[in-house]
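final13.txt (compact mmCIF, C-alpha atoms and all ligand atoms) appears below.
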```
# COMPACT_ATOMS: atom_id res chain seq x y z
CA MET A 243 0.00 0.00 0.00
CA VAL A 244 1.41 3.38 -0.99
CA LEU A 245 -0.97 5.94 0.58
CA GLN A 246 -0.23 6.16 4.32
CA LYS A 247 -1.78 9.50 5.30
CA ASP A 248 -2.48 8.28 8.79
CA PHE A 249 1.23 7.73 9.43
CA PHE A 250 1.74 11.52 9.36
CA ASP A 251 0.63 14.39 11.55
CA LEU A 252 -0.62 16.62 8.74
CA PRO A 253 -2.27 19.97 9.54
CA THR A 254 -5.89 19.95 8.43
CA GLY A 255 -6.70 22.12 5.48
CA MET A 256 -3.15 22.11 4.16
CA ILE A 257 -2.12 20.55 0.85
CA TYR A 258 1.55 19.85 1.29
CA LEU A 259 3.43 19.74 -2.01
CA ASP A 260 6.82 20.43 -0.49
CA GLY A 261 7.90 17.02 0.80
CA ASN A 262 10.80 17.30 -1.62
CA SER A 263 12.19 20.05 0.63
CA LEU A 264 11.05 18.99 4.10
CA GLY A 265 8.92 15.91 4.77
CA PRO A 266 6.03 16.20 7.28
CA LEU A 267 6.06 14.91 10.83
CA PRO A 268 5.48 11.16 11.20
CA LYS A 269 3.46 10.28 14.31
CA THR A 270 5.99 7.52 15.05
CA ALA A 271 8.81 10.09 15.14
CA LYS A 272 6.91 12.33 17.55
CA ALA A 273 6.25 9.42 19.91
CA ARG A 274 9.74 7.99 19.57
CA VAL A 275 11.49 11.28 20.31
CA ALA A 276 9.28 11.93 23.34
CA ALA A 277 10.01 8.44 24.65
CA MET A 278 13.73 8.62 24.00
CA MET A 279 14.04 11.99 25.73
CA GLN A 280 12.34 10.55 28.81
CA ASP A 281 13.57 6.95 28.92
CA GLU A 282 16.98 7.26 27.31
CA TRP A 283 18.48 10.72 27.66
CA GLY A 284 16.50 11.53 30.80
CA ALA A 285 16.79 8.23 32.62
CA GLN A 286 20.02 6.74 31.33
CA LEU A 287 22.17 9.80 30.63
CA ILE A 288 25.71 8.80 29.60
CA LYS A 289 24.86 5.10 29.94
CA GLY A 290 22.60 5.50 26.87
CA TRP A 291 25.59 5.28 24.54
CA ASN A 292 25.76 1.58 25.37
CA SER A 293 22.44 0.65 26.94
CA ALA A 294 20.21 2.46 24.42
CA GLY A 295 22.43 1.64 21.44
CA TRP A 296 23.18 5.26 20.54
CA MET A 297 26.66 4.43 19.28
CA ALA A 298 25.29 1.80 16.86
CA GLN A 299 22.57 4.12 15.47
CA PRO A 300 24.54 5.53 12.50
CA SER A 301 25.19 2.16 10.88
CA ARG A 302 21.91 0.53 11.96
CA ILE A 303 19.90 3.36 10.41
CA GLY A 304 22.34 3.46 7.50
CA ASP A 305 21.24 -0.11 6.71
CA ALA A 306 17.57 0.93 6.80
CA VAL A 307 18.27 3.77 4.36
CA GLY A 308 20.42 1.42 2.28
CA ARG A 309 17.45 -0.89 1.74
CA LEU A 310 15.62 1.97 -0.01
CA ILE A 311 18.46 2.77 -2.40
CA GLY A 312 19.66 -0.71 -3.35
CA ALA A 313 22.76 -0.65 -1.14
CA PRO A 314 23.93 -3.83 0.60
CA THR A 315 23.97 -4.09 4.40
CA GLY A 316 27.03 -2.44 5.88
CA SER A 317 27.64 -0.02 3.00
CA VAL A 318 25.81 3.09 4.28
CA VAL A 319 26.39 5.18 7.40
CA MET A 320 24.60 8.25 8.77
CA GLY A 321 25.98 11.51 10.07
CA ASP A 322 26.58 15.22 9.61
CA THR A 323 24.76 17.10 6.85
CA LEU A 324 24.80 16.45 3.15
CA SER A 325 27.27 19.26 2.47
CA ILE A 326 29.80 17.51 4.73
CA LYS A 327 29.11 14.15 3.10
CA VAL A 328 29.70 15.69 -0.35
CA TYR A 329 33.07 16.98 0.86
CA GLN A 330 34.01 13.56 2.22
CA ALA A 331 32.97 11.82 -0.98
CA VAL A 332 34.83 14.17 -3.31
CA ALA A 333 37.95 14.14 -1.13
CA ALA A 334 37.98 10.33 -1.03
CA ALA A 335 37.30 10.05 -4.77
CA ILE A 336 40.18 12.25 -5.90
CA ARG A 337 42.58 10.35 -3.62
CA MET A 338 41.71 7.27 -5.69
CA ARG A 339 42.89 9.00 -8.90
CA PRO A 340 45.93 10.97 -7.69
CA GLU A 341 47.33 11.57 -11.18
CA ARG A 342 44.18 13.43 -12.36
CA ARG A 343 43.12 16.98 -11.55
CA VAL A 344 39.54 17.52 -12.76
CA ILE A 345 36.30 17.20 -10.79
CA LEU A 346 33.38 17.24 -13.21
CA SER A 347 29.86 18.38 -12.33
CA ASP A 348 26.95 20.13 -14.00
CA SER A 349 25.16 23.46 -13.75
CA GLY A 350 21.97 21.71 -12.61
CA ASN A 351 23.67 20.58 -9.42
CA PHE A 352 22.69 22.10 -6.11
CA PRO A 353 25.08 24.97 -5.29
CA THR A 354 26.35 23.53 -2.00
CA ASP A 355 27.73 20.48 -3.84
CA LEU A 356 29.72 22.80 -6.11
CA TYR A 357 30.76 25.06 -3.22
CA MET A 358 32.05 22.13 -1.17
CA ALA A 359 34.15 20.96 -4.13
CA GLN A 360 35.46 24.51 -4.61
CA GLY A 361 36.38 24.74 -0.92
CA LEU A 362 38.16 21.39 -1.02
CA ILE A 363 40.11 22.46 -4.11
CA ARG A 364 41.22 25.67 -2.38
CA ALA A 365 42.24 23.80 0.77
CA LEU A 366 44.28 21.25 -1.18
CA ASP A 367 45.95 23.91 -3.36
CA GLN A 368 47.29 21.27 -5.75
CA GLY A 369 45.99 22.48 -9.08
CA TYR A 370 42.57 20.81 -8.99
CA GLU A 371 39.84 22.24 -11.19
CA LEU A 372 36.05 22.02 -10.86
CA ARG A 373 34.64 21.77 -14.37
CA VAL A 374 30.92 22.60 -14.58
CA VAL A 375 29.08 21.85 -17.82
CA ALA A 376 25.42 21.88 -18.84
CA PRO A 377 23.52 18.75 -17.74
CA ASP A 378 23.18 17.43 -21.28
CA GLU A 379 26.90 17.92 -21.94
CA VAL A 380 28.15 15.74 -19.08
CA THR A 381 28.54 12.55 -21.10
CA GLU A 382 30.79 14.24 -23.64
CA ALA A 383 32.79 16.08 -20.99
CA ILE A 384 33.95 12.87 -19.28
CA ASP A 385 37.49 12.28 -20.49
CA ASP A 386 40.71 10.87 -19.06
CA SER A 387 41.58 14.09 -17.24
CA VAL A 388 38.57 13.60 -14.95
CA ALA A 389 39.31 12.15 -11.52
CA ALA A 390 35.72 12.23 -10.26
CA VAL A 391 32.29 12.88 -11.73
CA MET A 392 29.94 14.35 -9.12
CA LEU A 393 26.28 14.60 -10.09
CA THR A 394 22.88 14.87 -8.45
CA GLU A 395 20.47 12.40 -10.03
CA VAL A 396 17.40 14.68 -9.87
CA ASP A 397 17.78 18.37 -10.74
CA TYR A 398 16.42 20.37 -7.80
CA ARG A 399 14.93 23.04 -10.06
CA THR A 400 13.41 21.12 -12.95
CA GLY A 401 13.22 17.55 -11.64
CA ARG A 402 15.20 16.33 -14.68
CA LEU A 403 16.68 12.86 -14.12
CA HIS A 404 20.18 11.79 -15.04
CA ASN A 405 20.64 8.17 -16.10
CA MET A 406 22.73 6.78 -13.25
CA GLY A 407 23.61 3.51 -14.95
CA ASP A 408 24.74 5.03 -18.26
CA LEU A 409 26.73 7.90 -16.75
CA THR A 410 28.43 5.60 -14.26
CA LYS A 411 29.49 3.31 -17.12
CA ARG A 412 30.76 6.28 -19.06
CA ALA A 413 32.76 7.54 -16.05
CA HIS A 414 34.26 4.12 -15.48
CA ALA A 415 35.15 3.71 -19.16
CA ALA A 416 37.19 6.92 -18.83
CA GLY A 417 38.78 5.70 -15.60
CA ALA A 418 36.95 8.23 -13.40
CA ILE A 419 35.31 7.72 -10.01
CA MET A 420 31.53 8.24 -9.91
CA ILE A 421 29.75 10.05 -7.05
CA TRP A 422 25.95 10.30 -6.99
CA ASP A 423 23.99 12.71 -4.84
CA LEU A 424 20.61 11.15 -4.07
CA ALA A 425 19.11 14.12 -2.20
CA HIS A 426 15.97 14.12 -4.37
CA SER A 427 16.03 10.37 -5.09
CA ALA A 428 16.05 8.55 -1.75
CA GLY A 429 12.43 7.83 -0.88
CA ALA A 430 11.25 9.41 -4.15
CA ILE A 431 12.20 6.96 -6.89
CA PRO A 432 13.68 3.44 -7.05
CA VAL A 433 17.50 3.54 -6.85
CA ASP A 434 19.79 0.59 -7.49
CA LEU A 435 23.17 1.62 -6.10
CA ALA A 436 24.67 -1.85 -6.19
CA GLY A 437 23.52 -2.35 -9.77
CA CYS A 438 24.85 1.01 -10.94
CA GLY A 439 28.33 0.28 -9.62
CA CYS A 440 29.23 3.83 -8.56
CA GLU A 441 31.96 4.13 -5.96
CA LEU A 442 30.25 6.70 -3.73
CA ALA A 443 26.81 8.10 -3.07
CA VAL A 444 25.44 10.63 -0.61
CA GLY A 445 22.05 12.04 0.29
CA CYS A 446 19.91 13.69 2.93
CA THR A 447 16.97 12.40 4.95
CA TYR A 448 14.80 15.44 5.69
CA LYS A 449 13.28 15.52 2.20
CA TYR A 450 11.45 12.38 1.00
CA LEU A 451 12.58 10.34 4.03
CA ASN A 452 10.76 12.62 6.51
CA GLY A 453 13.53 12.68 9.13
CA GLY A 454 12.76 16.28 10.21
CA PRO A 455 14.59 19.60 9.82
CA GLY A 456 18.32 19.06 10.23
CA ALA A 457 18.06 15.27 9.98
CA PRO A 458 21.47 13.70 9.30
CA ALA A 459 22.82 12.75 5.88
CA PHE A 460 24.08 9.40 4.59
CA ILE A 461 27.09 8.22 2.67
CA TYR A 462 27.53 5.00 0.69
CA VAL A 463 30.86 3.47 -0.21
CA ARG A 464 31.00 0.52 -2.61
CA PRO A 465 31.82 -2.47 -0.39
CA ASP A 466 35.03 -3.48 -2.21
CA LEU A 467 36.50 -0.01 -1.48
CA ALA A 468 35.32 0.45 2.09
CA ASP A 469 38.50 -0.87 3.71
CA THR A 470 40.87 1.22 1.60
CA ILE A 471 39.09 4.50 1.06
CA GLU A 472 40.87 7.44 2.74
CA PRO A 473 38.68 9.60 4.98
CA ALA A 474 39.59 13.28 4.66
CA LEU A 475 37.58 14.18 7.76
CA ALA A 476 39.47 11.98 10.17
CA GLY A 477 37.25 12.27 13.20
CA TRP A 478 37.59 10.14 16.30
CA LEU A 479 34.39 8.16 15.74
CA GLY A 480 35.64 7.06 12.33
CA CYS A 481 38.83 5.70 13.78
CA ALA A 482 39.50 2.05 14.54
CA ALA A 483 39.44 2.30 18.34
CA PRO A 484 38.12 5.68 19.53
CA PHE A 485 38.28 4.70 23.17
CA ASP A 486 41.98 3.83 22.98
CA PHE A 487 42.52 7.59 22.63
CA ASP A 488 45.60 7.07 20.45
CA LEU A 489 47.38 10.18 19.24
CA GLU A 490 47.58 8.80 15.71
CA TYR A 491 44.45 8.28 13.57
CA ARG A 492 43.86 4.81 12.14
CA PRO A 493 40.64 4.46 10.08
CA ALA A 494 38.01 1.98 11.24
CA PRO A 495 37.38 -0.99 8.97
CA GLY A 496 34.55 -0.63 6.46
CA ILE A 497 31.95 2.09 6.22
CA GLU A 498 32.41 3.15 9.89
CA ARG A 499 35.45 5.16 8.80
CA MET A 500 33.11 7.65 7.13
CA ARG A 501 31.74 8.65 10.52
CA VAL A 502 33.22 11.84 11.93
CA GLY A 503 32.09 12.91 15.40
CA THR A 504 29.29 12.40 17.90
CA PRO A 505 26.08 11.34 16.13
CA PRO A 506 22.90 13.47 16.42
CA VAL A 507 21.10 10.95 18.62
CA ILE A 508 17.73 12.69 18.88
CA GLN A 509 17.52 13.35 15.15
CA LEU A 510 18.52 9.79 14.41
CA ALA A 511 15.78 8.52 16.73
CA ALA A 512 13.25 10.63 14.82
CA LEU A 513 14.58 9.36 11.50
CA GLU A 514 14.55 5.72 12.56
CA ALA A 515 10.89 6.01 13.53
CA ALA A 516 10.10 7.90 10.32
CA LEU A 517 11.62 5.09 8.26
CA GLU A 518 9.08 2.58 9.62
CA VAL A 519 6.63 3.73 6.95
CA TRP A 520 8.74 2.11 4.23
CA GLU A 521 8.27 -1.39 5.62
CA ALA A 522 4.88 -1.52 3.87
CA VAL A 523 5.83 0.34 0.69
CA ASP A 524 7.04 -1.06 -2.60
CA MET A 525 9.28 1.50 -4.36
CA SER A 526 8.07 0.67 -7.85
CA GLU A 527 4.44 1.12 -6.75
CA LEU A 528 5.44 4.40 -5.12
CA ARG A 529 7.03 5.50 -8.40
CA SER A 530 3.89 4.65 -10.41
CA ALA A 531 1.71 6.52 -7.92
CA SER A 532 4.01 9.53 -8.06
CA ILE A 533 3.93 9.62 -11.86
CA ALA A 534 0.13 9.36 -11.86
CA LEU A 535 -0.13 12.36 -9.50
CA GLN A 536 2.35 14.38 -11.55
CA GLU A 537 0.57 13.64 -14.82
CA THR A 538 -2.78 14.67 -13.33
CA PHE A 539 -1.23 17.87 -12.03
CA ILE A 540 0.42 18.79 -15.35
CA HIS A 541 -2.71 17.99 -17.31
CA HIS A 542 -4.97 20.17 -15.15
CA VAL A 543 -2.52 23.07 -14.80
CA GLU A 544 -1.92 23.22 -18.55
CA ALA A 545 -5.63 23.03 -19.29
CA ARG A 546 -6.68 25.65 -16.76
CA VAL A 547 -3.71 27.91 -16.01
CA PRO A 548 -2.21 29.22 -19.27
CA GLN A 549 0.05 31.68 -17.41
CA LEU A 550 2.31 28.84 -16.22
CA ALA A 551 4.91 27.16 -18.45
CA LEU A 552 6.08 23.63 -17.71
CA ALA A 553 9.76 23.77 -16.70
CA SER A 554 10.14 20.03 -16.05
CA PRO A 555 10.70 17.36 -18.69
CA ARG A 556 7.39 16.39 -20.25
CA ASP A 557 8.31 12.72 -20.38
CA SER A 558 7.58 11.28 -16.93
CA ALA A 559 10.45 8.80 -17.32
CA GLN A 560 12.82 11.79 -17.38
CA ARG A 561 11.43 13.37 -14.19
CA GLY A 562 11.97 12.72 -10.51
CA SER A 563 9.07 13.25 -8.10
CA GLN A 564 8.48 16.97 -8.59
CA VAL A 565 6.95 19.22 -11.21
CA SER A 566 8.12 22.76 -11.82
CA PHE A 567 6.40 25.56 -13.64
CA ALA A 568 8.02 28.83 -14.68
CA PHE A 569 6.26 32.12 -14.02
CA GLU A 570 7.78 35.59 -13.96
CA ASN A 571 6.19 36.44 -10.62
CA GLY A 572 6.64 32.93 -9.27
CA TYR A 573 7.76 34.04 -5.83
CA ALA A 574 4.65 36.15 -5.22
CA ALA A 575 2.38 33.51 -6.74
CA MET A 576 3.82 30.86 -4.44
CA GLN A 577 3.37 33.12 -1.42
CA ALA A 578 -0.27 33.63 -2.38
CA LEU A 579 -0.73 29.87 -2.71
CA ILE A 580 0.91 29.23 0.65
CA ALA A 581 -1.48 31.75 2.22
CA ARG A 582 -4.31 29.58 0.87
CA GLY A 583 -2.84 26.38 2.31
CA VAL A 584 -1.17 25.01 -0.82
CA ILE A 585 2.48 24.62 0.07
CA GLY A 586 5.12 24.44 -2.62
CA ASP A 587 8.27 26.48 -2.92
CA PHE A 588 10.14 28.85 -5.18
CA ARG A 589 13.57 28.55 -6.72
CA ALA A 590 15.20 31.56 -8.36
CA PRO A 591 14.83 32.97 -10.91
CA ASP A 592 11.25 31.98 -11.75
CA ILE A 593 10.54 28.37 -10.75
CA MET A 594 7.42 27.34 -8.81
CA ARG A 595 8.18 23.88 -7.51
CA PHE A 596 5.66 21.23 -6.45
CA GLY A 597 6.72 17.93 -4.90
CA PHE A 598 4.62 14.76 -5.21
CA THR A 599 4.78 12.34 -2.32
CA PRO A 600 2.25 9.51 -2.70
CA LEU A 601 2.67 8.51 0.96
CA TYR A 602 0.41 11.41 1.93
CA ILE A 603 -0.81 13.14 -1.26
CA ASP A 604 -3.67 11.73 -3.32
CA GLU A 605 -5.49 12.72 -6.47
CA ALA A 606 -8.11 14.78 -4.63
CA ASP A 607 -5.30 16.87 -3.11
CA VAL A 608 -3.82 17.46 -6.54
CA ILE A 609 -7.12 18.62 -8.00
CA ALA A 610 -7.78 20.87 -5.00
CA ALA A 611 -4.30 22.38 -5.38
CA VAL A 612 -4.94 23.16 -9.05
CA ASP A 613 -8.25 24.83 -8.12
CA HIS A 614 -6.28 27.24 -5.90
CA ILE A 615 -3.58 27.79 -8.51
CA GLU A 616 -6.22 28.63 -11.09
CA VAL A 617 -7.85 31.25 -8.84
CA VAL A 618 -4.54 32.80 -7.74
CA MET A 619 -3.45 33.21 -11.36
CA ARG A 620 -6.78 34.13 -12.93
CA ASP A 621 -7.56 36.81 -10.32
CA ARG A 622 -3.92 37.95 -9.98
CA ILE A 623 -4.16 37.41 -6.24
CA TRP A 624 -0.35 37.26 -6.16
CA ASP A 625 -0.17 40.93 -7.23
CA ASP A 626 -0.28 42.25 -3.69
CA PRO A 627 2.56 43.91 -1.74
CA GLN A 628 2.27 41.33 1.06
CA TYR A 629 3.38 38.58 -1.34
CA LEU A 630 6.15 40.46 -3.08
CA THR A 631 8.70 40.80 -0.24
CA ARG A 632 11.16 37.93 -0.22
CA GLN A 633 11.71 36.12 3.04
CA ARG A 634 14.99 34.57 4.13
CA VAL A 635 13.99 31.04 3.10
CA THR A 636 12.09 30.80 -0.19
C1 LIG B 1 18.96 19.51 -0.24
C2 LIG B 1 20.29 19.36 -0.89
C3 LIG B 1 21.48 19.66 -0.18
C4 LIG B 1 21.46 20.23 1.23
O1 LIG B 1 22.64 20.04 1.91
P1 LIG B 1 22.66 20.21 3.49
O2 LIG B 1 24.08 20.13 3.88
O3 LIG B 1 21.84 19.09 4.06
O4 LIG B 1 22.04 21.53 3.82
C5 LIG B 1 22.69 19.42 -0.81
N1 LIG B 1 22.74 18.93 -2.08
C6 LIG B 1 21.62 18.65 -2.79
C7 LIG B 1 21.75 18.12 -4.17
C8 LIG B 1 20.38 18.89 -2.22
O5 LIG B 1 19.27 18.65 -2.92
```
Step by step, read the file and then write its structure as structure tokens.
Amino acid sequence: MVLQKDFFDLPTGMIYLDGNSLGPLPKTAKARVAAMMQDEWGAQLIKGWNSAGWMAQPSRIGDAVGRLIGAPTGSVVMGDTLSIKVYQAVAAAIRMRPERRVILSDSGNFPTDLYMAQGLIRALDQGYELRVVAPDEVTEAIDDSVAAVMLTEVDYRTGRLHNMGDLTKRAHAAGAIMIWDLAHSAGAIPVDLAGCGCELAVGCTYKYLNGGPGAPAFIYVRPDLADTIEPALAGWLGCAAPFDFDLEYRPAPGIERMRVGTPPVIQLAALEAALEVWEAVDMSELRSASIALQETFIHHVEARVPQLALASPRDSAQRGSQVSFAFENGYAAMQALIARGVIGDFRAPDIMRFGFTPLYIDEADVIAAVDHIEVVMRDRIWDDPQYLTRQRVT
């Protein structure tokens, strides 16, 4: 069963089409965090690291996330934020190709991924270059100067999908390391990490995995590399024996070496409870349900709201789990929609973005959302000073 509305604590009267940015609150997470505060942190204090299993959380929950992205047990670990995990992945990848100097990415990538690579390059000061090409030029740009290809599968603005299997093959044929960012994939579309063969993957858990604001990120390392990969962020909890307190860092065996410092125990508890919803969900059914919602949305918007221009690929096989429309006054229009209880978001310069999450959105929600969009556009409700001032988070 895909639709699980009752699993979430959704405000009445709100149509939430922003689960691609921040998933809603699962009732299990609310209960689990309350209980862990009381019974674990409150009652056990420091003993909780052993007695409540806090120290094992990052790899235990990593396995649960791994099941959703086709990663074998023991190949995924949780921690930090996605920006940090991108840094770790790129740093480890270029160490595997020391004779090469190019990191390749595309202009559809999320800026923090590019910024983290730029920061790493500056810190290393060894002549590395970040080459950024248009998304449809990536295949051609992969040559034997490229140490690592770093791409996000789903474009955060348009929802355009890269072909993970083909691009990974292409990278490998050129001798490059492949890194996939699954920020808009995990929990949104089926992912087969093991089948794709990439060396590294990263992603976050507050979007389609509903782990809550600030929920920790994950990193995957292909199992055959996990004992040799070199962690650039050599934190004590990624070392072989943290409680020996050695002065010299020795990496832990396997994926544990990608841990850095103290795990965010409360956030991980929320995430672990949030992940329970997936036990009953088949990813290919979820994908079909998502496509059906997106197609309904596109059909109705195009038929009834001529002011909006589709900015996502028309072919559903080329789209993730979001639909974007371009409109000159998109920011104001989205603010007007939010005021009416239809929550999407805005991405500069002109993208109105709507996420489709079949766990808690159904066809009636989609139709009701389009009714609001039609009124806001037809009556120019957005053209009001209260909607025109940009807030800090858009
Ligand atoms: C959401 C997102 C991020 C966010 O990174 P944080 O460190 O968690 O803030 C990074 N990269 C991509 C591709 C994203 O979609």
Per residue of chain A within 7 Å of ligand LIG 1 (chain B), note the shortest atom pair and the distance in Å to one decimal, counting only C-alpha atoms and all ligand atoms, and order the rows by chain and increasing residue number, as JSON lines.
```
{"residue": "A:Ser263", "atom": "CA", "partner": "B:LIG1", "partner_atom": "C1", "distance": 6.8}
{"residue": "A:Thr323", "atom": "CA", "partner": "B:LIG1", "partner_atom": "O2", "distance": 4.3}
{"residue": "A:Leu324", "atom": "CA", "partner": "B:LIG1", "partner_atom": "O2", "distance": 3.8}
{"residue": "A:Ser325", "atom": "CA", "partner": "B:LIG1", "partner_atom": "O2", "distance": 3.6}
{"residue": "A:Ile326", "atom": "CA", "partner": "B:LIG1", "partner_atom": "O2", "distance": 6.3}
{"residue": "A:Asn351", "atom": "CA", "partner": "B:LIG1", "partner_atom": "C7", "distance": 6.1}
{"residue": "A:Phe352", "atom": "CA", "partner": "B:LIG1", "partner_atom": "C7", "distance": 4.5}
{"residue": "A:Thr354", "atom": "CA", "partner": "B:LIG1", "partner_atom": "C5", "distance": 5.6}
{"residue": "A:Asp355", "atom": "CA", "partner": "B:LIG1", "partner_atom": "N1", "distance": 5.5}
{"residue": "A:Thr394", "atom": "CA", "partner": "B:LIG1", "partner_atom": "C7", "distance": 5.5}
{"residue": "A:Tyr398", "atom": "CA", "partner": "B:LIG1", "partner_atom": "O5", "distance": 5.9}
{"residue": "A:Asp423", "atom": "CA", "partner": "B:LIG1", "partner_atom": "C7", "distance": 5.9}
{"residue": "A:Ala425", "atom": "CA", "partner": "B:LIG1", "partner_atom": "O5", "distance": 4.6}
{"residue": "A:His426", "atom": "CA", "partner": "B:LIG1", "partner_atom": "O5", "distance": 5.8}
{"residue": "A:Cys446", "atom": "CA", "partner": "B:LIG1", "partner_atom": "O3", "distance": 5.8}
{"residue": "A:Ala459", "atom": "CA", "partner": "B:LIG1", "partner_atom": "O3", "distance": 6.7}
```
Padding 3 Å on every side, please: axis-aligned box over the listed atoms of segment 493-502 of chain A, centre and edge lengths to one decimal in Å, as JSON.
```
{"center_x": 36.2, "center_y": 5.4, "center_z": 9.1, "size_x": 14.9, "size_y": 18.8, "size_z": 11.7}
```
> What is the distance between atom CA of Asp260 of chain A and atom CA of Met594 of chain A, in Å to one decimal?
Replying inline: 10.8 Å
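Proximity of A:Ala610, A:Leu346, A:Val444, A:Ala277 to Gln330 of chain A, computed with all atoms listed in the file, is greatest for A:Val444.
Closest approach to Asp613 of chain A among A:Ala483, A:Val543, A:Leu550, A:Leu475: A:Val543, based on all atoms listed in the file.
For the pair atom CA of Cys481 of chain A and atom CA of Gly321 of chain A, the interatomic distance is 14.6 Å.
From atom CA of Pro266 of chain A back to atom CA of Thr636 of chain A, the distance works out to 17.5 Å.
Minimum distance to Pro506 of chain A across A:Arg402, A:Tyr450, A:Ala457, A:Ala581 (counting only C-alpha atoms) occurs at A:Ala457.
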>> My list of candidates is A:Val244, A:Ile508, A:Val319, A:Val374. Which is closest to Ala468 of chain A when distances are computed with only C-alpha atoms?
In response: A:Val319
>> If we count only C-alpha atoms and set the cut-off at 6 Å, which residues sit around segment 596-609 of chain A, ignoring sequence neighbours fewer than 2 positions away in its own chain? Please answer as a ChimeraX atom specification.
In response: /A:244-247,259-262,532,563-565,586,611-612
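Distance check against Gly572 of chain A using all atoms listed in the file: of A:Ile593, A:Cys438, A:Leu409, A:Ile303, the minimum falls on A:Ile593.
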>> Neighbouring residues of His614 of chain A were defined as those with any atom within 12 Å, considering all atoms listed in the file; residues of the same chain fewer than 2 positions away were excluded. Please report them as an MDAnalysis selection string.
In response: chainID A and resid 256:257 542:543 546:547 575:576 578:585 607:612 616:624
>> Residues near Ala333 of chain A, anyone? I mean within 8 Å using only C-alpha atoms, not counting same-chain ones fewer than 5 positions away, as a list in words.
In response: Leu362, Pro473 and Ala474 of chain A
>> Given the point (10.6, 18.9, -21.5) in the coordinates of this file, which residues lie within 12 Å, counting only C-alpha atoms, and how would they look as an NGL selection string?
In response: :A and (400-403 or 540 or 551-561 or 565-567)
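Using all atoms listed in the file, the shortest contact distance between Arg302 of chain A and any of A:Ala389, A:Met420, A:Ile497, A:Gly350 is found at A:Ile497.
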> Got a sec to check which residues sit within 12 Å of (42.5, 10.3, -15.3), counting all atoms listed in the file, and write them as a PyMOL selection string?
Replying inline: chain A and resi 335-346+384-391+413-419
>> Just want the 9 Å neighbourhood of Leu467 of chain A, counted on all atoms listed in the file, with same-chain residues fewer than 3 positions away dropped. Output as an MDAnalysis selection string.
In response: chainID A and resid 441 463:464 470:471 496
